[in-house]
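Asker: Sharing model_0.txt (compact mmCIF, C-alpha atoms) below.
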# COMPACT_ATOMS: atom_id res chain seq x y z
CA MET A 1 1.40 125.60 -31.54
CA ILE A 2 4.06 127.06 -29.30
CA GLU A 3 3.46 127.80 -25.65
CA VAL A 4 5.11 130.68 -23.84
CA GLY A 5 3.37 132.29 -20.93
CA ASN A 6 -0.08 131.46 -19.62
CA HIS A 7 -2.95 131.32 -22.05
CA ALA A 8 -6.52 130.25 -21.50
CA VAL A 9 -7.13 127.46 -24.00
CA TRP A 10 -10.03 125.85 -25.82
CA LYS A 11 -9.66 122.21 -26.74
CA VAL A 12 -11.61 121.28 -29.84
CA GLY A 13 -11.14 117.69 -30.95
CA GLY A 14 -7.57 117.33 -29.70
CA ILE A 15 -6.43 120.67 -31.16
CA VAL A 16 -5.56 123.40 -28.67
CA PHE A 17 -6.51 127.02 -29.36
CA ASN A 18 -5.33 130.03 -27.38
CA SER A 19 -8.72 131.56 -26.70
CA ASP A 20 -7.50 134.94 -25.43
CA THR A 21 -5.37 135.47 -28.54
CA ILE A 22 -8.23 134.51 -30.84
CA ILE A 23 -10.70 136.82 -29.09
CA SER A 24 -8.30 139.76 -28.93
CA SER A 25 -7.29 139.44 -32.59
CA LEU A 26 -10.98 139.28 -33.55
CA VAL A 27 -11.62 142.44 -31.51
CA VAL A 28 -8.66 144.17 -33.18
CA SER A 29 -9.86 143.11 -36.63
CA ALA A 30 -13.37 144.34 -35.84
CA LEU A 31 -12.00 147.72 -34.70
CA ILE A 32 -9.96 148.07 -37.89
CA ILE A 33 -12.88 147.05 -40.14
CA ILE A 34 -15.23 149.53 -38.41
CA PHE A 35 -12.65 152.28 -38.79
CA ALA A 36 -12.08 151.40 -42.46
CA LEU A 37 -15.82 151.38 -43.24
CA ALA A 38 -16.26 154.68 -41.40
CA ALA A 39 -13.33 156.09 -43.33
CA LYS A 40 -14.83 154.99 -46.63
CA PHE A 41 -18.41 156.13 -46.07
CA ILE A 42 -18.27 158.94 -43.49
CA PHE A 43 -14.84 160.50 -43.05
CA VAL A 44 -13.55 160.86 -46.60
CA LYS A 45 -15.64 163.17 -48.76
CA LYS A 46 -14.82 164.72 -52.08
CA GLU A 47 -14.92 168.32 -51.00
CA LYS A 48 -12.51 171.14 -51.32
CA HIS A 49 -11.75 171.46 -47.66
CA ILE A 50 -10.23 168.42 -45.97
CA SER A 51 -11.78 167.66 -42.58
CA ALA A 52 -9.72 166.58 -39.60
CA SER A 53 -10.93 162.97 -39.74
CA GLN A 54 -10.04 162.73 -43.42
CA ALA A 55 -6.57 164.06 -42.63
CA VAL A 56 -6.10 161.26 -40.08
CA CYS A 57 -7.17 158.63 -42.63
CA GLU A 58 -4.82 160.06 -45.23
CA LEU A 59 -2.01 160.08 -42.68
CA PHE A 60 -2.16 156.27 -42.44
CA TYR A 61 -2.09 155.85 -46.21
CA GLU A 62 0.63 158.45 -46.74
CA PHE A 63 2.84 156.81 -44.12
CA SER A 64 2.72 153.35 -45.73
CA ALA A 65 3.04 154.87 -49.19
CA SER A 66 6.14 156.74 -48.07
CA ILE A 67 7.67 153.49 -46.81
CA CYS A 68 6.97 151.72 -50.13
CA THR A 69 8.05 154.49 -52.48
CA GLY A 70 11.02 155.33 -50.29
CA VAL A 71 12.39 151.81 -50.66
CA MET A 72 11.23 150.77 -54.14
CA GLY A 73 10.62 154.04 -55.95
CA GLY A 74 7.71 154.32 -58.35
CA ARG A 75 6.96 150.61 -58.64
CA GLY A 76 6.32 150.39 -54.88
CA LYS A 77 2.76 151.75 -55.34
CA LYS A 78 1.47 148.23 -56.09
CA TYR A 79 2.46 146.94 -52.66
CA VAL A 80 1.00 149.77 -50.56
CA PRO A 81 -2.28 147.92 -49.66
CA PHE A 82 -0.43 144.88 -48.32
CA ILE A 83 2.10 146.90 -46.34
CA ASN A 84 -0.63 149.21 -45.06
CA SER A 85 -2.77 146.31 -43.78
CA LEU A 86 0.23 144.75 -42.03
CA PHE A 87 1.22 148.07 -40.47
CA ILE A 88 -2.25 148.96 -39.20
CA PHE A 89 -2.96 145.47 -37.84
CA ILE A 90 0.33 145.30 -35.94
CA LEU A 91 0.04 148.87 -34.66
CA VAL A 92 -3.50 148.37 -33.34
CA SER A 93 -2.66 144.98 -31.81
CA ASN A 94 0.40 146.39 -30.06
CA VAL A 95 -1.55 149.33 -28.65
CA PHE A 96 -4.42 147.00 -27.67
CA GLY A 97 -2.19 145.45 -25.01
CA LEU A 98 -2.02 148.78 -23.17
CA LEU A 99 -5.81 149.20 -22.93
CA PRO A 100 -7.47 147.95 -19.74
CA VAL A 101 -10.18 146.10 -21.69
CA THR A 102 -10.61 143.17 -19.32
CA GLU A 103 -10.65 145.33 -16.21
CA VAL A 104 -13.32 147.66 -17.61
CA VAL A 105 -15.51 144.75 -18.72
CA GLU A 106 -15.18 143.16 -15.30
CA MET A 107 -16.02 146.43 -13.56
CA LEU A 108 -19.15 146.99 -15.66
CA PHE A 109 -20.56 143.48 -16.04
CA GLY A 110 -18.75 141.61 -13.26
CA LYS A 111 -21.98 140.42 -11.67
CA LEU A 112 -23.65 139.32 -14.90
CA LEU A 113 -20.93 137.51 -16.81
CA PRO A 114 -18.78 134.58 -15.74
CA ARG A 115 -15.13 135.37 -15.23
CA VAL A 116 -13.77 136.76 -18.52
CA ILE A 117 -10.49 135.79 -20.08
CA HIS A 118 -7.66 138.28 -19.61
CA LEU A 119 -7.07 139.90 -23.00
CA GLU A 120 -3.46 140.60 -23.93
CA SER A 121 -2.34 142.09 -27.22
CA PRO A 122 -2.47 139.43 -29.98
CA THR A 123 1.17 140.02 -30.90
CA ALA A 124 2.27 138.97 -27.39
CA ASP A 125 1.55 135.39 -28.54
CA LEU A 126 4.21 133.68 -30.65
CA ASN A 127 1.55 131.98 -32.79
CA THR A 128 0.21 135.30 -34.13
CA THR A 129 3.62 136.66 -35.06
CA VAL A 130 4.67 133.36 -36.67
CA ALA A 131 1.47 133.45 -38.73
CA LEU A 132 2.16 137.04 -39.83
CA ALA A 133 5.75 136.18 -40.75
CA PHE A 134 4.54 133.11 -42.66
CA VAL A 135 2.16 135.29 -44.68
CA VAL A 136 5.04 137.65 -45.45
CA PHE A 137 7.28 134.72 -46.46
CA VAL A 138 4.72 133.20 -48.84
CA ILE A 139 3.71 136.49 -50.42
CA MET A 140 7.35 137.43 -50.90
CA GLN A 141 7.93 134.30 -53.00
CA LEU A 142 4.68 134.90 -54.92
CA PHE A 143 5.59 138.51 -55.74
CA GLY A 144 9.06 137.39 -56.82
CA ILE A 145 7.69 134.68 -59.11
CA ARG A 146 5.12 137.07 -60.56
CA ALA A 147 7.77 139.69 -61.26
CA SER A 148 10.41 137.55 -62.97
CA GLY A 149 8.82 134.17 -63.60
CA PHE A 150 11.02 131.12 -63.53
CA TYR A 151 14.15 133.25 -63.33
CA TYR A 152 13.19 134.08 -59.76
CA PHE A 153 14.81 130.86 -58.58
CA LYS A 154 18.13 132.06 -59.97
CA ARG A 155 18.67 134.00 -56.74
CA PHE A 156 19.11 130.75 -54.82
CA PHE A 157 22.01 129.77 -57.10
CA SER A 158 23.91 133.04 -57.00
CA PRO A 159 26.87 133.44 -57.17
CA ASN A 160 27.16 129.69 -57.80
CA ILE A 161 25.50 126.44 -56.82
CA LEU A 162 27.68 125.97 -53.71
CA PHE A 163 25.78 128.81 -52.04
CA LEU A 164 22.40 127.04 -52.28
CA PRO A 165 22.24 125.96 -48.60
CA LEU A 166 23.41 129.39 -47.43
CA ASN A 167 20.82 131.16 -49.57
CA ILE A 168 18.04 128.90 -48.32
CA MET A 169 19.14 129.50 -44.72
CA GLU A 170 19.13 133.25 -45.32
CA GLU A 171 15.67 133.07 -46.87
CA LEU A 172 14.31 131.11 -43.91
CA SER A 173 15.98 133.28 -41.27
CA ARG A 174 14.10 136.36 -42.51
CA PRO A 175 10.57 135.33 -41.42
CA LEU A 176 12.04 133.79 -38.25
CA SER A 177 13.66 137.05 -37.19
CA LEU A 178 10.52 139.02 -38.14
CA ALA A 179 8.37 136.81 -35.93
CA ILE A 180 10.78 136.68 -32.99
CA ARG A 181 11.43 140.43 -33.08
CA LEU A 182 7.77 141.39 -32.87
CA PHE A 183 6.99 138.73 -30.27
CA GLY A 184 10.03 139.45 -28.11
CA ASN A 185 9.37 143.18 -27.89
CA THR A 186 5.65 142.92 -27.15
CA PHE A 187 5.98 140.02 -24.73
CA GLY A 188 8.92 141.67 -22.98
CA LYS A 189 6.97 144.88 -22.45
CA ALA A 190 3.96 142.96 -21.13
CA THR A 191 6.15 140.95 -18.75
CA ILE A 192 7.92 144.04 -17.38
CA LEU A 193 4.55 145.71 -16.77
CA LEU A 194 3.23 142.60 -15.03
CA ILE A 195 6.28 142.38 -12.74
CA LEU A 196 6.14 146.11 -11.93
CA VAL A 197 2.42 145.96 -11.14
CA SER A 198 2.79 142.87 -8.94
CA LEU A 199 5.39 144.57 -6.74
CA THR A 200 2.91 146.60 -4.71
CA VAL A 201 -0.74 146.35 -3.70
CA PHE A 202 -2.01 149.53 -5.28
CA PRO A 203 -0.12 150.33 -8.51
CA ILE A 204 -1.30 153.56 -10.09
CA ILE A 205 1.48 156.03 -10.96
CA TYR A 206 4.76 154.28 -11.53
CA PRO A 207 3.88 151.90 -14.41
CA ILE A 208 3.09 154.99 -16.53
CA PRO A 209 6.68 155.60 -17.83
CA ILE A 210 6.92 151.97 -18.93
CA MET A 211 3.52 152.29 -20.62
CA ALA A 212 4.69 155.42 -22.45
CA LEU A 213 7.77 153.52 -23.56
CA GLY A 214 5.45 150.69 -24.63
CA LEU A 215 3.45 153.08 -26.82
CA PHE A 216 6.68 154.15 -28.50
CA ILE A 217 7.82 150.53 -28.93
CA ALA A 218 4.41 149.61 -30.40
CA PHE A 219 4.81 152.18 -33.14
CA ILE A 220 8.49 151.44 -33.82
CA GLN A 221 7.87 147.67 -34.07
CA ALA A 222 4.98 148.12 -36.52
CA TYR A 223 7.15 150.46 -38.57
CA ILE A 224 10.11 148.05 -38.56
CA PHE A 225 7.89 145.11 -39.56
CA ALA A 226 6.45 147.06 -42.50
CA LEU A 227 9.84 148.45 -43.52
CA LEU A 228 11.62 145.08 -43.42
CA THR A 229 8.75 143.44 -45.34
CA THR A 230 9.14 146.11 -48.01
CA PHE A 231 12.89 145.45 -48.16
CA TYR A 232 12.33 141.70 -48.52
CA ILE A 233 9.71 142.18 -51.24
CA ASP A 234 12.06 144.58 -52.98
CA SER A 235 14.92 142.08 -52.91
CA ALA A 236 12.61 139.32 -54.21
CA VAL A 237 11.13 141.46 -56.97
CA SER A 238 14.34 143.01 -58.24
CA GLU A 239 16.02 139.60 -58.68
CA GLY A 240 16.36 138.07 -62.12
CA HIS A 241 16.84 141.25 -64.12
CA MET B 1 18.42 114.24 -9.17
CA ASP B 2 19.62 114.05 -12.75
CA ASN B 3 16.65 116.09 -13.93
CA VAL B 4 17.22 118.80 -11.32
CA MET B 5 20.84 119.20 -12.46
CA VAL B 6 19.70 119.60 -16.08
CA GLN B 7 17.19 122.25 -15.04
CA VAL B 8 19.76 124.20 -13.04
CA VAL B 9 22.22 124.15 -15.92
CA SER B 10 19.46 125.21 -18.34
CA VAL B 11 18.46 128.24 -16.28
CA VAL B 12 22.06 129.37 -15.75
CA SER B 13 22.94 128.93 -19.42
CA ALA B 14 19.79 130.79 -20.49
CA ALA B 15 20.84 133.73 -18.32
CA PHE B 16 24.39 133.68 -19.69
CA CYS B 17 23.16 133.35 -23.26
CA LEU B 18 20.92 136.40 -23.02
CA GLY B 19 23.49 138.39 -21.05
CA ILE B 20 26.31 137.94 -23.54
CA ALA B 21 24.09 138.45 -26.58
CA GLY B 22 22.51 141.55 -25.04
CA PHE B 23 25.95 142.98 -24.28
CA ALA B 24 27.19 142.45 -27.82
CA ALA B 25 24.01 143.72 -29.46
CA ALA B 26 23.96 146.84 -27.28
CA LEU B 27 27.58 147.54 -28.18
CA GLY B 28 26.84 147.17 -31.89
CA GLN B 29 23.71 149.31 -31.72
CA GLY B 30 25.58 152.03 -29.84
CA LYS B 31 28.28 152.10 -32.52
CA ALA B 32 25.70 152.28 -35.30
CA THR B 33 23.79 155.09 -33.60
CA ALA B 34 26.99 157.04 -32.97
CA ALA B 35 27.94 156.74 -36.63
CA ALA B 36 24.47 157.87 -37.70
CA LEU B 37 24.63 160.88 -35.38
CA ASP B 38 28.00 161.75 -36.88
CA ALA B 39 26.59 161.51 -40.37
CA VAL B 40 23.55 163.65 -39.54
CA SER B 41 25.66 166.36 -37.93
CA ARG B 42 27.86 166.44 -40.99
CA GLN B 43 25.02 166.36 -43.52
CA PRO B 44 21.74 167.45 -41.91
CA GLU B 45 19.83 167.44 -45.21
CA ALA B 46 20.21 163.63 -45.54
CA LYS B 47 18.49 163.05 -42.20
CA GLY B 48 15.51 161.07 -43.57
CA THR B 49 17.59 158.56 -45.51
CA ILE B 50 20.06 158.12 -42.66
CA THR B 51 17.25 157.49 -40.18
CA GLN B 52 15.70 154.83 -42.40
CA ILE B 53 19.01 153.05 -42.92
CA LEU B 54 19.77 153.32 -39.19
CA ILE B 55 16.45 151.73 -38.20
CA VAL B 56 16.90 148.83 -40.62
CA GLY B 57 20.46 148.31 -39.41
CA LEU B 58 19.40 148.41 -35.77
CA ALA B 59 16.65 145.87 -36.48
CA ILE B 60 19.12 143.51 -38.10
CA ILE B 61 21.64 143.89 -35.25
CA GLU B 62 18.82 143.31 -32.79
CA SER B 63 17.91 140.00 -34.42
CA ILE B 64 21.12 138.48 -32.98
CA ALA B 65 19.89 139.28 -29.47
CA LEU B 66 16.49 137.93 -30.43
CA TYR B 67 17.94 134.60 -31.52
CA ALA B 68 19.51 134.42 -28.06
CA LEU B 69 16.10 135.24 -26.55
CA LEU B 70 14.62 132.38 -28.59
CA ILE B 71 17.25 129.97 -27.26
CA ALA B 72 16.62 131.17 -23.69
CA ILE B 73 12.84 130.73 -24.10
CA VAL B 74 13.36 127.21 -25.46
CA LEU B 75 15.68 126.37 -22.56
CA ILE B 76 13.26 127.62 -19.92
CA PHE B 77 9.77 126.87 -21.26
CA VAL B 78 10.10 123.94 -23.68
CA ASN B 79 13.37 122.35 -22.65
CA PRO B 80 14.04 119.28 -24.83
CA PHE B 81 16.45 117.73 -22.30
CA VAL B 82 14.11 117.60 -19.30
CA LYS B 83 12.23 114.30 -19.21
Would you kindly transcribe this structure into structure tokens?
Answerer:
Amino acid sequence: MIEVGNHAVWKVGGIVFNSDTIISSLVVSALIIIFALAAKFIFVKKEKHISASQAVCELFYEFSASICTGVMGGRGKKYVPFINSLFIFILVSNVFGLLPVTEVVEMLFGKLLPRVIHLESPTADLNTTVALAFVVFVIMQLFGIRASGFYYFKRFFSPNILFLPLNIMEELSRPLSLAIRLFGNTFGKATILLILVSLTVFPIIYPIPIMALGLFIAFIQAYIFALLTTFYIDSAVSEGH
Amino acid sequence: MDNVMVQVVSVVSAAFCLGIAGFAAALGQGKATAAALDAVSRQPEAKGTITQILIVGLAIIESIALYALLIAIVLIFVNPFVK
């Protein structure tokens, strides 16, 4: 568990949990699951004319599918669900940081509830991004082993055995840079907003350009995470042939 | 007194670390973007491929600056030398 910035914590039996990150990632997951269920049962119908909501759902799929097939060609179809889940989770979590969730809850139920935890976007916590990068790292090795069996480990010994430490370093630096990139961008944006807002008493207009930039960064970071994951999976899968 | 000196040096070196790395990464990203613009203006039909390669290249260049950010965060928040 790595601490940067202030987080409200729960201590359960000597283990520390960042409560705000856990709650916000649960909220994000719930939003995505509700949207996915609605997409499956309500939005997408097998009719001749495509409705607007179905077009939005297909947009998400088409985008991830274009990333996969653009990098890997025809065999990239298998990896679309994984890349799509990563992309949507990161996109929604990045955008979640721009919503005034805590403020609205406090305004509506301020008298009834005890003081709520301030919800940031889950990706502004290093633990979330490290977990995502760890998932990518493990699944990359698994895909590589599934594609070429025992010959997968040949990539660590290429061009010869002297390069083993270098290859291992390169393999480990990939998830590290994935995690730090996502965390650094989201956390940096949140910090800039916080500093800008704390400069005056009544901030209302001038944080808007930074928030617009943050919306752009949220999309670009999700895209880069998905694209780099696809590249890494591609390099792991195409080894050993 | 010893501890204060270590903290001062840590903060200054964190600032220098991020400043130099940011300078170098910005220079590299500017060069890459200029080359991509050149390529697009010469061959507008290859715009999609060039954009994809450009974004991956920018992400990899950016990771240098991000390693510096990591070092700066370690120096400021979880400094191993401050007792």
Asker: With a cut-off of 7 Å and counting all atoms listed in the file, select all residues of chain B in contact with chain A and give the selection as an NGL selection string.
Answerer: :B and (63 or 66 or 77)
Asker: What is the CA of Val6 (chain B) to CA of Ile20 (chain B) distance in Å?
Answerer: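 Pair CA of Val6 (chain B) / CA of Ile20 (chain B) returns 20.9 Å.
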Asker: Got a sec: who's within 9 Å of Ala72 (chain B), counting only C-alpha atoms, leaving out chain neighbours fewer than 2 positions off, as a list in words?
Answerer: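 Near neighbours after the sequence-gap exclusion: Ser10, Val11, Ser13, Ala14, Ala15, Cys17, Leu18, Tyr67, Ala68, Leu69, Leu70, Val74, Leu75, Ile76 and Phe77 of chain B.
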Asker: List the spatial neighbours of region 146-162 of chain A as a ChimeraX atom specification - criterion: any atom at most 12 Å away, all atoms listed in the file, same-chain residues fewer than 6 positions off excluded.
Answerer: /A:75,78,139-140,168-172,233-241
Asker: Around region 30-48 of chain B, with edges along x, y and z and 6 Å added on all six sides, what centre and edge lengths do you get, in Å to one decimal, as lines of an AutoDock Vina configuration file?
Answerer:
center_x = 21.9
center_y = 159.7
center_z = -37.7
size_x = 24.8
size_y = 27.4
size_z = 27.7
